[in-house]
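> Below is the file coords28.cif, with mmCIF, C-alpha atoms.
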```cif
data_data
#
loop_
_atom_site.label_atom_id
_atom_site.label_comp_id
_atom_site.auth_asym_id
_atom_site.auth_seq_id
_atom_site.Cartn_x
_atom_site.Cartn_y
_atom_site.Cartn_z
CA LEU U 1 7.89 27.76 -9.94
CA PRO U 2 7.16 31.40 -9.10
CA ARG U 3 5.90 30.29 -5.67
CA GLY U 4 5.52 27.07 -3.74
CA MET U 5 2.48 25.06 -4.78
CA VAL U 6 0.48 22.21 -3.29
CA SER U 7 -2.87 21.05 -4.71
CA GLY U 8 -2.94 23.70 -7.41
CA GLU U 9 -2.80 22.78 -11.10
CA THR U 10 -0.46 22.94 -14.07
CA ILE U 11 -1.96 22.26 -17.51
CA LYS U 12 -0.53 22.40 -21.02
CA LEU U 13 -2.14 24.98 -23.29
CA GLN U 14 -2.70 24.34 -26.99
CA ASP U 15 0.39 26.39 -27.91
CA ASN U 16 2.52 24.18 -25.61
CA ARG U 17 2.83 26.85 -22.93
CA MET U 18 1.94 26.05 -19.32
CA LEU U 19 -0.90 27.52 -17.29
CA LEU U 20 -0.24 27.49 -13.56
CA ILE U 21 -3.21 27.95 -11.21
CA MET U 22 -1.87 28.24 -7.69
CA GLY U 23 -3.09 26.26 -4.67
CA PHE U 24 -1.31 26.38 -1.30
CA THR U 25 1.26 29.13 -0.96
CA SER U 26 4.85 28.45 0.02
CA SER U 27 3.99 28.57 3.72
CA VAL U 28 1.18 26.00 3.41
CA SER U 29 -0.85 28.44 5.47
CA GLY U 30 -3.42 29.45 2.89
CA THR U 31 -4.30 29.83 -0.76
CA THR U 32 -3.49 32.38 -3.43
CA GLN U 33 -5.42 33.71 -6.43
CA ASN U 34 -2.33 34.03 -8.62
CA CYS U 35 -2.13 32.45 -12.08
CA PHE U 36 0.97 32.32 -14.27
CA ILE U 37 1.76 31.52 -17.92
CA GLY U 38 5.01 29.61 -18.51
CA GLN U 39 7.03 29.58 -21.74
CA ILE U 40 9.16 26.45 -22.01
CA GLY U 41 12.83 27.27 -22.70
CA PRO U 42 15.43 25.37 -24.73
CA SER U 43 16.34 22.98 -21.90
CA ASP U 44 14.74 22.68 -18.46
CA ASN U 45 13.87 26.33 -17.99
CA VAL U 46 10.35 27.79 -17.85
CA GLN U 47 9.98 31.57 -17.96
CA TRP U 48 6.91 32.54 -15.91
CA GLN U 49 4.80 35.66 -16.35
CA PRO U 50 1.86 36.74 -14.17
CA ALA U 51 -1.42 35.98 -15.95
CA GLY U 52 -3.90 37.56 -13.54
CA ILE U 53 -5.85 36.13 -10.64
CA HIS U 54 -8.50 33.49 -10.15
CA PRO U 55 -11.88 35.16 -9.42
CA ASP U 56 -12.48 33.37 -6.13
CA ALA U 57 -11.67 36.07 -3.58
CA VAL U 58 -9.41 33.92 -1.41
CA GLY U 59 -8.08 31.45 -3.94
CA LEU U 60 -8.65 27.72 -4.20
CA ARG U 61 -6.93 24.39 -3.67
CA TRP U 62 -7.97 20.77 -4.28
CA PHE U 63 -10.08 21.80 -7.28
CA GLY U 64 -10.63 19.90 -10.53
CA THR U 65 -9.19 21.22 -13.81
CA VAL U 66 -9.41 20.21 -17.47
CA LEU U 67 -8.41 21.86 -20.76
CA LEU U 68 -11.34 22.00 -23.18
CA SER U 69 -11.05 21.41 -26.92
CA ASP U 70 -11.63 25.13 -27.56
CA GLY U 71 -8.55 25.99 -25.48
CA ARG U 72 -10.38 27.17 -22.37
CA GLY U 73 -9.62 25.87 -18.91
CA LEU U 74 -12.43 24.63 -16.66
CA VAL U 75 -12.06 24.75 -12.86
CA THR U 76 -14.62 22.99 -10.64
CA GLY U 77 -15.14 22.91 -6.88
CA GLY U 78 -12.25 23.48 -4.50
CA PHE U 79 -11.46 24.61 -0.99
CA THR U 80 -10.71 28.19 0.12
CA GLY U 81 -9.14 27.22 3.41
CA THR U 82 -12.49 27.73 5.12
CA PHE U 83 -15.27 26.83 2.69
CA PHE U 84 -15.94 24.10 0.12
CA ARG U 85 -17.08 25.41 -3.28
CA ASP U 86 -19.76 24.23 -5.75
CA LEU U 87 -18.66 26.87 -8.28
CA THR U 88 -17.25 26.39 -11.76
CA TYR U 89 -15.10 28.83 -13.76
CA PHE U 90 -14.08 28.97 -17.42
CA GLY U 91 -10.71 30.59 -18.17
CA THR U 92 -9.76 31.99 -21.58
CA VAL U 93 -6.08 32.73 -22.24
CA SER U 94 -5.19 35.61 -24.57
CA GLY U 95 -1.49 36.34 -24.78
CA ASN U 96 -0.28 36.27 -21.19
CA VAL U 97 -3.63 37.07 -19.56
CA ILE U 98 -6.38 34.70 -18.47
CA THR U 99 -10.00 35.95 -18.23
CA TRP U 100 -12.45 34.04 -16.03
CA VAL U 101 -16.21 33.58 -16.44
CA GLN U 102 -18.34 31.79 -13.86
CA GLY U 103 -20.20 28.72 -15.11
CA THR U 104 -23.10 26.61 -13.87
CA THR U 105 -22.68 25.49 -10.26
CA ILE U 106 -22.37 21.80 -9.39
CA PRO U 107 -25.79 20.43 -8.31
CA SER U 108 -26.25 18.64 -5.01
CA PRO U 109 -25.28 15.88 -4.53
CA PRO U 110 -22.37 16.38 -4.29
CA GLY U 111 -22.64 20.17 -4.70
CA VAL U 112 -19.62 21.50 -2.85
CA VAL U 113 -16.71 19.17 -3.52
CA ILE U 114 -12.91 18.95 -3.28
CA GLN U 115 -10.25 16.29 -3.97
CA HIS U 116 -12.38 14.90 -6.82
CA GLY U 117 -11.35 13.39 -10.14
CA ALA U 118 -11.73 15.44 -13.32
CA SER U 119 -11.25 14.55 -16.99
CA LEU U 120 -12.89 15.01 -20.39
CA LEU U 121 -14.69 12.14 -22.10
CA SER U 122 -14.08 11.37 -25.76
CA ASP U 123 -17.43 13.06 -26.59
CA GLY U 124 -16.26 16.31 -24.97
CA ARG U 125 -18.30 16.01 -21.78
CA TYR U 126 -16.76 16.70 -18.40
CA ALA U 127 -16.60 13.77 -15.97
CA GLN U 128 -16.29 14.30 -12.23
CA VAL U 129 -15.78 11.25 -10.01
CA GLY U 130 -15.82 11.03 -6.20
CA GLY U 131 -14.27 13.59 -3.89
CA LEU U 132 -14.75 14.99 -0.42
CA ILE U 133 -18.03 16.80 0.25
CA SER U 134 -19.43 18.88 3.11
CA GLY U 135 -19.34 17.06 6.42
CA LEU U 136 -15.89 15.70 5.45
CA ILE U 137 -17.49 12.70 3.76
CA ALA U 138 -15.92 10.88 0.82
CA THR U 139 -18.46 10.35 -1.95
CA ASP U 140 -19.05 7.83 -4.74
CA THR U 141 -21.01 10.33 -6.87
CA VAL U 142 -20.31 10.62 -10.59
CA ARG U 143 -21.33 13.81 -12.42
CA LEU U 144 -21.28 14.23 -16.19
CA GLY U 145 -21.43 17.74 -17.63
CA THR U 146 -22.34 18.80 -21.17
CA ILE U 147 -20.74 22.17 -21.90
CA SER U 148 -22.20 24.95 -24.08
CA GLY U 149 -20.49 28.32 -23.68
CA SER U 150 -20.36 28.87 -19.92
CA THR U 151 -23.40 26.66 -19.28
CA ILE U 152 -22.95 23.13 -17.96
CA SER U 153 -25.90 20.72 -18.15
CA TRP U 154 -25.28 18.27 -15.33
CA ALA U 155 -26.41 14.63 -15.20
CA LEU U 156 -25.77 11.92 -12.63
CA GLY U 157 -23.74 8.94 -13.81
CA THR U 158 -23.47 5.48 -12.30
CA VAL U 159 -21.82 5.73 -8.89
CA LEU U 160 -18.40 4.28 -8.16
CA PRO U 161 -18.47 0.91 -6.35
CA VAL U 162 -16.61 2.50 -3.39
CA THR U 163 -16.44 6.09 -2.08
CA ARG U 164 -13.08 7.80 -2.46
CA ARG U 165 -11.14 11.05 -2.48
CA VAL U 166 -7.56 12.14 -3.33
CA HIS U 167 -7.56 9.47 -6.04
CA THR U 168 -6.57 9.93 -9.68
CA GLN U 169 -8.85 9.91 -12.70
CA VAL U 170 -7.82 9.84 -16.37
CA THR U 171 -9.56 9.16 -19.67
CA LEU U 172 -7.75 6.48 -21.65
CA PRO U 173 -7.19 6.58 -25.44
CA ASP U 174 -10.00 3.99 -25.87
CA GLY U 175 -12.45 6.36 -24.11
CA ARG U 176 -12.70 4.50 -20.79
CA LEU U 177 -12.26 6.18 -17.44
CA LEU U 178 -9.57 4.88 -15.11
CA VAL U 179 -9.67 5.60 -11.36
CA THR U 180 -6.70 4.61 -9.17
CA GLY U 181 -6.10 4.61 -5.41
CA GLY U 182 -7.53 7.15 -2.99
CA ILE U 183 -9.11 7.15 0.48
CA ASP U 184 -12.69 6.18 1.39
CA ILE U 185 -15.27 7.48 3.88
CA LEU U 186 -13.60 5.56 6.74
CA ASN U 187 -10.11 6.82 5.84
CA LYS U 188 -9.16 3.47 4.34
CA MET U 189 -6.51 3.85 1.65
CA PHE U 190 -6.88 1.85 -1.57
CA SER U 191 -4.58 0.11 -3.99
CA ASN U 192 -7.47 -0.91 -6.26
CA THR U 193 -8.30 0.48 -9.70
CA TYR U 194 -11.57 0.78 -11.63
CA PHE U 195 -12.23 1.04 -15.34
CA GLY U 196 -15.40 2.86 -16.40
CA ASP U 197 -17.13 2.23 -19.75
CA VAL U 198 -19.37 5.23 -20.44
CA SER U 199 -22.54 4.96 -22.53
CA GLY U 200 -24.81 7.97 -22.26
CA ASN U 201 -25.13 8.63 -18.52
CA SER U 202 -24.44 5.01 -17.62
CA VAL U 203 -20.98 3.97 -16.46
CA THR U 204 -20.11 0.28 -16.20
CA TRP U 205 -17.41 0.00 -13.56
CA THR U 206 -15.05 -3.01 -13.62
CA GLN U 207 -12.28 -3.54 -11.10
CA GLY U 208 -8.81 -3.67 -12.63
CA SER U 209 -5.38 -4.76 -11.45
CA GLU U 210 -4.19 -3.47 -8.08
CA LEU U 211 -1.59 -0.72 -7.79
CA PRO U 212 1.74 -1.97 -6.42
CA TYR U 213 0.61 -0.66 -2.99
CA ARG U 214 -1.95 1.68 -1.39
CA LEU U 215 -1.66 5.23 -2.72
CA SER U 216 -3.33 8.62 -2.46
CA SER U 217 -2.41 12.14 -3.61
CA HIS U 218 -0.36 10.57 -6.42
CA THR U 219 -0.60 11.40 -10.12
CA CYS U 220 -1.55 9.23 -13.09
CA THR U 221 -0.67 10.44 -16.59
CA VAL U 222 -1.49 8.92 -19.97
CA LEU U 223 1.68 8.84 -22.09
CA GLY U 224 1.90 9.22 -25.85
CA ASP U 225 2.39 5.48 -26.36
CA GLY U 226 -0.80 4.63 -24.42
CA ARG U 227 0.92 3.58 -21.21
CA ILE U 228 0.11 5.23 -17.90
CA LEU U 229 2.69 6.59 -15.47
CA VAL U 230 1.91 6.73 -11.74
CA VAL U 231 4.24 9.04 -9.80
CA GLY U 232 4.79 9.63 -6.08
CA GLY U 233 1.96 9.97 -3.59
CA SER U 234 1.24 9.12 0.03
CA THR U 235 0.79 5.71 1.62
CA TRP U 236 0.77 4.39 5.18
CA ASN U 237 1.63 1.19 6.95
CA GLY U 238 -1.89 0.42 8.18
CA ALA U 239 -5.31 -0.19 6.67
CA VAL U 240 -6.82 2.98 8.16
CA ILE U 241 -5.43 6.12 9.73
CA ASN U 242 -4.87 5.76 13.45
CA THR U 243 -2.27 6.83 15.97
CA SER U 244 -0.06 3.80 15.34
CA ASP U 245 0.11 4.27 11.56
CA GLN U 246 2.84 6.22 9.82
CA LEU U 247 2.11 8.33 6.75
CA ILE U 248 4.84 7.83 4.16
CA ILE U 249 5.46 9.92 1.05
CA THR U 250 7.06 7.91 -1.75
CA ASN U 251 9.41 8.68 -4.64
CA GLN U 252 8.40 5.61 -6.65
CA CYS U 253 7.25 5.66 -10.29
CA PHE U 254 5.32 2.87 -12.02
CA PHE U 255 4.55 2.36 -15.70
CA GLY U 256 1.30 0.57 -16.48
CA ASN U 257 0.62 -1.40 -19.67
CA ILE U 258 -3.14 -1.86 -20.07
CA SER U 259 -4.84 -4.83 -21.74
CA GLY U 260 -8.56 -5.01 -21.07
CA THR U 261 -8.84 -4.57 -17.31
CA THR U 262 -5.36 -5.96 -16.65
CA ILE U 263 -2.60 -3.50 -15.82
CA THR U 264 0.96 -4.84 -15.88
CA TRP U 265 3.08 -2.63 -13.64
CA THR U 266 6.80 -2.01 -14.20
CA THR U 267 8.96 0.04 -11.85
CA GLY U 268 10.43 3.17 -13.41
CA THR U 269 13.31 5.41 -12.34
CA PRO U 270 12.47 6.84 -8.90
CA LEU U 271 12.07 10.56 -8.34
CA PRO U 272 15.12 12.29 -6.85
CA PHE U 273 13.05 12.80 -3.67
CA SER U 274 9.70 11.77 -2.20
CA LEU U 275 6.73 13.80 -3.44
CA SER U 276 2.97 14.07 -2.85
CA GLU U 277 0.17 16.47 -3.85
CA HIS U 278 2.18 17.50 -6.91
CA ARG U 279 0.92 17.94 -10.49
CA THR U 280 2.10 16.41 -13.77
CA MET U 281 1.69 17.11 -17.49
CA LEU U 282 3.07 15.93 -20.82
CA ASP U 283 4.28 18.56 -23.29
CA ALA U 284 4.17 18.47 -27.10
CA ASN U 285 7.65 16.90 -27.23
CA ASN U 286 6.60 14.09 -24.84
CA PHE U 287 8.67 15.46 -21.98
CA PHE U 288 7.12 14.74 -18.60
CA TRP U 289 6.83 17.70 -16.21
CA ILE U 290 6.22 17.68 -12.45
CA SER U 291 5.27 20.81 -10.51
CA GLY U 292 5.24 21.59 -6.79
CA GLY U 293 4.09 19.27 -4.02
CA VAL U 294 5.37 18.35 -0.55
CA ASN U 295 7.87 15.74 0.60
CA ASN U 296 9.12 14.05 3.75
CA GLY U 297 12.00 16.42 4.31
CA PHE U 298 10.24 19.78 4.12
CA ASP U 299 7.45 21.56 5.98
CA SER U 300 6.29 23.80 3.14
CA SER U 301 5.16 23.53 -0.44
CA LEU U 302 7.87 23.17 -3.07
CA THR U 303 8.78 25.57 -5.85
CA THR U 304 10.52 22.73 -7.65
CA MET U 305 9.82 21.62 -11.22
CA LEU U 306 11.27 18.47 -12.72
CA ARG U 307 11.43 17.49 -16.38
CA GLY U 308 11.71 13.82 -17.25
CA LYS U 309 12.79 12.30 -20.55
CA ILE U 310 11.22 8.84 -20.82
CA VAL U 311 12.91 5.98 -22.69
CA GLY U 312 11.25 2.64 -21.97
CA THR U 313 10.97 2.53 -18.19
CA THR U 314 13.96 4.83 -17.65
CA ILE U 315 13.29 8.45 -16.72
CA ASP U 316 16.11 10.99 -16.92
CA TRP U 317 15.17 13.59 -14.29
CA ASN U 318 16.78 16.91 -15.26
CA GLN U 319 16.12 18.88 -12.10
CA LEU U 320 16.87 18.37 -8.44
CA ILE U 321 15.65 20.31 -5.45
CA MET U 322 18.62 21.27 -3.33
CA LEU U 323 18.89 23.35 -0.18
CA ASN U 324 21.94 24.65 1.66
CA HIS U 325 24.22 24.07 -1.34
CA ILE U 326 26.84 26.43 -2.73
CA LEU U 327 26.72 27.88 -6.26
CA ILE U 328 30.15 28.94 -7.53
CA PRO U 329 30.85 30.97 -10.71
CA LEU U 330 33.46 29.46 -13.01
CA ASN U 331 35.23 30.87 -16.05
CA GLY U 332 33.40 30.88 -19.37
CA ASN U 333 29.81 31.42 -18.14
CA ARG U 334 29.81 28.17 -16.21
CA VAL U 335 28.60 27.53 -12.68
CA LEU U 336 29.17 24.70 -10.22
CA THR U 337 27.01 23.51 -7.33
CA VAL U 338 28.73 21.84 -4.38
CA GLY U 339 26.97 19.75 -1.73
CA GLY U 340 23.65 20.72 -0.18
CA ARG U 341 20.72 18.49 0.67
CA ILE U 342 17.64 16.97 -0.96
CA GLU U 343 15.99 15.84 2.25
CA ASN U 344 18.09 15.57 5.43
CA ASP U 345 21.60 14.38 4.59
CA GLY U 346 24.44 16.30 2.98
CA LEU U 347 25.20 15.55 -0.68
CA THR U 348 28.53 14.79 -2.27
CA GLN U 349 27.38 15.64 -5.79
CA CYS U 350 28.73 18.58 -7.77
CA TYR U 351 26.78 19.73 -10.86
CA PHE U 352 28.08 21.83 -13.77
CA GLY U 353 25.80 24.30 -15.54
CA ASN U 354 26.29 26.41 -18.67
CA VAL U 355 24.57 29.79 -18.55
CA THR U 356 22.95 30.93 -21.82
CA GLY U 357 20.79 34.03 -21.56
CA HIS U 358 18.21 33.32 -18.86
CA ASP U 359 18.68 29.57 -19.10
CA ILE U 360 21.06 27.19 -17.31
CA ILE U 361 21.75 23.95 -19.15
CA TRP U 362 22.93 21.44 -16.56
CA SER U 363 25.39 18.76 -17.60
CA SER U 364 24.58 15.11 -16.89
CA ASN U 365 28.22 14.73 -15.78
CA THR U 366 28.69 15.01 -12.02
CA SER U 367 31.74 15.14 -9.81
CA SER U 368 31.95 14.16 -6.16
CA PHE U 369 32.88 16.12 -3.07
CA PRO U 370 34.89 14.10 -0.48
CA LEU U 371 32.14 14.25 2.15
CA GLY U 372 28.43 14.83 2.28
CA VAL U 373 28.08 18.46 3.31
CA LEU U 374 25.56 21.27 3.63
CA GLN U 375 25.46 24.77 5.14
CA HIS U 376 29.11 25.22 4.11
CA ALA U 377 30.94 28.15 2.48
CA ALA U 378 32.96 28.52 -0.73
CA ILE U 379 34.76 31.10 -2.88
CA PRO U 380 36.56 30.98 -6.25
CA LEU U 381 40.27 31.80 -5.96
CA ASN U 382 42.22 34.08 -8.29
CA ASP U 383 44.02 31.08 -9.83
CA SER U 384 40.62 29.51 -10.81
CA ARG U 385 40.70 26.97 -8.00
CA ILE U 386 37.84 26.68 -5.46
CA LEU U 387 38.05 26.83 -1.68
CA VAL U 388 35.33 25.13 0.42
CA ASN U 389 35.18 24.87 4.19
CA GLY U 390 32.92 24.15 7.15
CA GLY U 391 29.35 22.87 6.99
CA ILE U 392 27.51 19.96 8.59
CA ASN U 393 26.86 16.38 7.50
CA THR U 394 23.07 16.21 8.16
CA ILE U 395 20.14 18.08 9.70
CA ASN U 396 18.73 14.81 11.04
CA THR U 397 19.01 15.12 14.84
CA LEU U 398 18.38 11.38 15.32
CA ILE U 399 21.88 10.51 14.08
CA PRO U 400 25.29 12.03 15.01
CA GLN U 401 25.74 15.49 13.53
CA VAL U 402 29.27 16.62 12.64
CA ILE U 403 30.00 20.31 12.11
CA ARG U 404 33.08 20.53 9.89
CA THR U 405 36.35 22.34 10.51
CA ASN U 406 37.83 20.98 7.26
CA THR U 407 39.00 23.04 4.29
CA TRP U 408 39.23 21.68 0.73
CA ILE U 409 40.83 23.08 -2.41
CA GLY U 410 39.22 22.05 -5.72
CA THR U 411 40.76 22.15 -9.19
CA VAL U 412 38.31 22.02 -12.11
CA ASN U 413 39.31 19.89 -15.09
CA GLY U 414 36.59 20.04 -17.75
CA SER U 415 33.58 18.34 -16.15
CA SER U 416 35.32 17.02 -13.04
CA VAL U 417 36.79 18.47 -9.87
CA THR U 418 39.86 17.17 -8.04
CA TRP U 419 39.62 17.91 -4.31
CA VAL U 420 42.58 18.10 -1.92
CA GLU U 421 42.08 18.62 1.82
CA SER U 422 44.15 21.41 3.32
CA ASN U 423 46.28 20.80 6.39
CA ASN U 424 44.82 23.98 7.87
CA SER U 425 41.38 23.73 9.46
CA ILE U 426 39.09 26.68 10.19
CA GLY U 427 40.02 26.46 13.85
CA SER U 428 36.52 25.83 15.16
CA PRO U 429 33.46 24.03 13.75
CA ASP U 430 31.52 26.41 11.56
CA ARG U 431 28.38 26.47 9.38
CA PHE U 432 26.04 29.11 7.93
CA HIS U 433 29.17 31.25 7.50
CA SER U 434 30.56 33.01 4.44
CA MET U 435 33.93 33.87 2.93
CA ALA U 436 35.16 36.79 0.84
CA GLN U 437 38.40 37.89 -0.82
#
```
Could you write out this file's structure as structure tokens?


Amino acid sequence: LPRGMVSGETIKLQDNRMLLIMGFTSSVSGTTQNCFIGQIGPSDNVQWQPAGIHPDAVGLRWFGTVLLSDGRGLVTGGFTGTFFRDLTYFGTVSGNVITWVQGTTIPSPPGVVIQHGASLLSDGRYAQVGGLISGLIATDTVRLGTISGSTISWALGTVLPVTRRVHTQVTLPDGRLLVTGGIDILNKMFSNTYFGDVSGNSVTWTQGSELPYRLSSHTCTVLGDGRILVVGGSTWNGAVINTSDQLIITNQCFFGNISGTTITWTTGTPLPFSLSEHRTMLDANNFFWISGGVNNGFDSSLTTMLRGKIVGTTIDWNQLIMLNHILIPLNGNRVLTVGGRIENDGLTQCYFGNVTGHDIIWSSNTSSFPLGVLQHAAIPLNDSRILVNGGINTINTLIPQVIRTNTWIGTVNGSSVTWVESNNSIGSPDRFHSMAQ
């Protein structure tokens, strides 16, 4: 991503490009107004261009977003870092520029709202379910909006059986609403789900099958075959938040097959790392994209995107976030990554990439370094071999940390590397260093 993002939004435009509306910045210290248009490349690359700014003077996060049938984006509510909003905005994309027009404000209750659900009904109306309102109160309010130009005619729908926020809301292919997980007014986290049959302004809510465990700040996406895919999110080991409970961010993925109000859950391929407050979308080729978020190992919002190819319940994740790794140029426009970390511990994996224009096509073949290592140094040698030395095994201070003195020589053979440890050490433990010829 162009910048780190938490609680922003990524949506697919009608021409299969991506619209990125930023939320938290990379420091998680505030919001940004920036919007970007992304052109999907031939593999896992997205080329981003600035598309202007959101009209709210200080930017938003935790807002609701949908793509309308006429190609416009609709943004509702949100949080500026200081104030809750009851505003709505319509965004029209022309080329690489988005133009915003303010729409009808959200009536009270709930008025100002964040962390709410947002989706379009099969009749084109906008449905807004739950959320956090002024006074830091989770609400059960349901608002239905009929859209004409930039005017929204709001009507109250049947309330949810239980108040909730940071839940997910999707509209299923059969027209029903599906709400999963979230947190209630007393900070109780849910694993329950609700199906909503909409008729006029009446919503008949029926409880469905439980999620595999309590979840909030996760995503739920309707796939092309009608299944749903729940990805990541936050959970904790108690019924409510208190000082003895531990908040846990998960990397788990679950596929849901829906029959009536029964959801049969099947575990999918886990994410490469834990992730919460991220965003997901499905592109025209049924590739599954994940943008931004936070995880257990980092203190700031992530710039990472992942693309997943789904076959059955297997997901081939084509991107990894890695820090403190080494990127080495090889002959023939190839590159090689060595070591690094995803969360706390050093990696042994080495990844090959072929550079084509502005794109890097990463091979699914990996080679292994002898030891998990990060914060090390490397250079290519004149005879095409690679020299790597130093580094540390982990940044986790709760377990023994070993700063390396070792030196390794690597010989590349196609898509593998043969490593031989040198008899000569650096002389003293070293990390965050560099080498040059």

> Which residues, named as in the file, does the PyMOL selection byres ((chain U and resi 119-130) around 7) pick out? Answer as a PyMOL selection string.

chain U and resi 66+116-118+131+139-147+163-165+169-171+175

> Report the distance between CA of Ser415 (chain U) and CA of Thr394 (chain U) in Å, rounded to one decimal place.

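Separation between CA of Ser415 (chain U) and CA of Thr394 (chain U): 26.6 Å.
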
> So how many Å separate CA of Asn333 (chain U) and CA of Leu374 (chain U), to one decimal?

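These atoms are spaced 24.4 Å apart.
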
> Rank U:Leu160, U:Leu74, U:Cys253, U:Leu67 by their smallest atom-to-atom distance to Thr204 (chain U), using all atoms listed in the file, and report the top residue only.

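Smallest separation from Thr204 (chain U) among the options: U:Leu160.
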
> Given the file above and the PyMOL selection byres ((chain U and resi 24) around 12), which residues are selected, and can you give them as a count of residues only?

39

> I would like the residues chosen by the PyMOL selection byres ((chain U and resi 226) around 10) on the shown file; could you give them as number ranges by chain?

U: 172-174, 221-225, 227-229, 256-258

> Using all atoms listed in the file, find the one residue out of U:Thr313, U:Gln39, U:Thr235, U:Thr304 that sits nearest to Phe254 (chain U).

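Of U:Thr313, U:Gln39, U:Thr235, U:Thr304, the one nearest Phe254 (chain U) is U:Thr313, counting all atoms listed in the file.
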
> Any idea what the distance is between CA of Val335 (chain U) and CA of Trp362 (chain U)?

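For CA of Val335 (chain U) relative to CA of Trp362 (chain U), the distance reads 9.2 Å.
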
> Residues at most 10 Å from Asn192 (chain U), counting only C-alpha atoms, excluding those fewer than 4 positions away in the same chain, as number ranges by chain?

U: 179-182, 207-215

> Go through U:Val338, U:Cys220, U:Ile409, U:Met189 and flag the residue nearest Ser425 (chain U), using only C-alpha atoms for the distances.

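Checking each candidate against Ser425 (chain U), we get U:Ile409 as the closest.
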
> With all atoms listed in the file as the counted atoms, please give the residues lying no more than 10 Å from Thr151 (chain U), apart from itself and same-chain residues fewer than 6 positions off, as a CSV table (one decimal) with C-alpha atoms, in the frame of the given file.


```
chain,number,residue,atom,x,y,z
U,88,THR,CA,-17.2,26.4,-11.8
U,90,PHE,CA,-14.1,29.0,-17.4
U,102,GLN,CA,-18.3,31.8,-13.9
U,103,GLY,CA,-20.2,28.7,-15.1
U,104,THR,CA,-23.1,26.6,-13.9
U,105,THR,CA,-22.7,25.5,-10.3
U,145,GLY,CA,-21.4,17.7,-17.6
```

> Would you please work out which residue, of U:Thr76, U:Asn344, U:Asn45, U:Ser422, is nearest to Asn389 (chain U) when using all atoms listed in the file?

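When distances to Asn389 (chain U) are compared using all atoms listed in the file, the smallest one comes from U:Ser422.
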
> Just checking: using all atoms listed in the file, which residue out of U:Ile399, U:Leu132, U:Thr262, U:Asp86 ends up closest to Thr193 (chain U)?

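Using all atoms listed in the file, Thr193 (chain U) sits closest to U:Thr262.
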
> Would you mind telling me which residue in U:Trp317, U:Trp154, U:Tyr89, U:Trp419 lies nearest to Pro107 (chain U) when using all atoms listed in the file?

U:Trp154

> Tell me which protein, DNA and RNA residues are within 7 Å of Tyr351 (chain U), counting all atoms listed in the file, leaving out same-chain ones fewer than 2 positions away, and put them as number ranges by chain.

U: 336-337, 349, 353, 363, 366-367
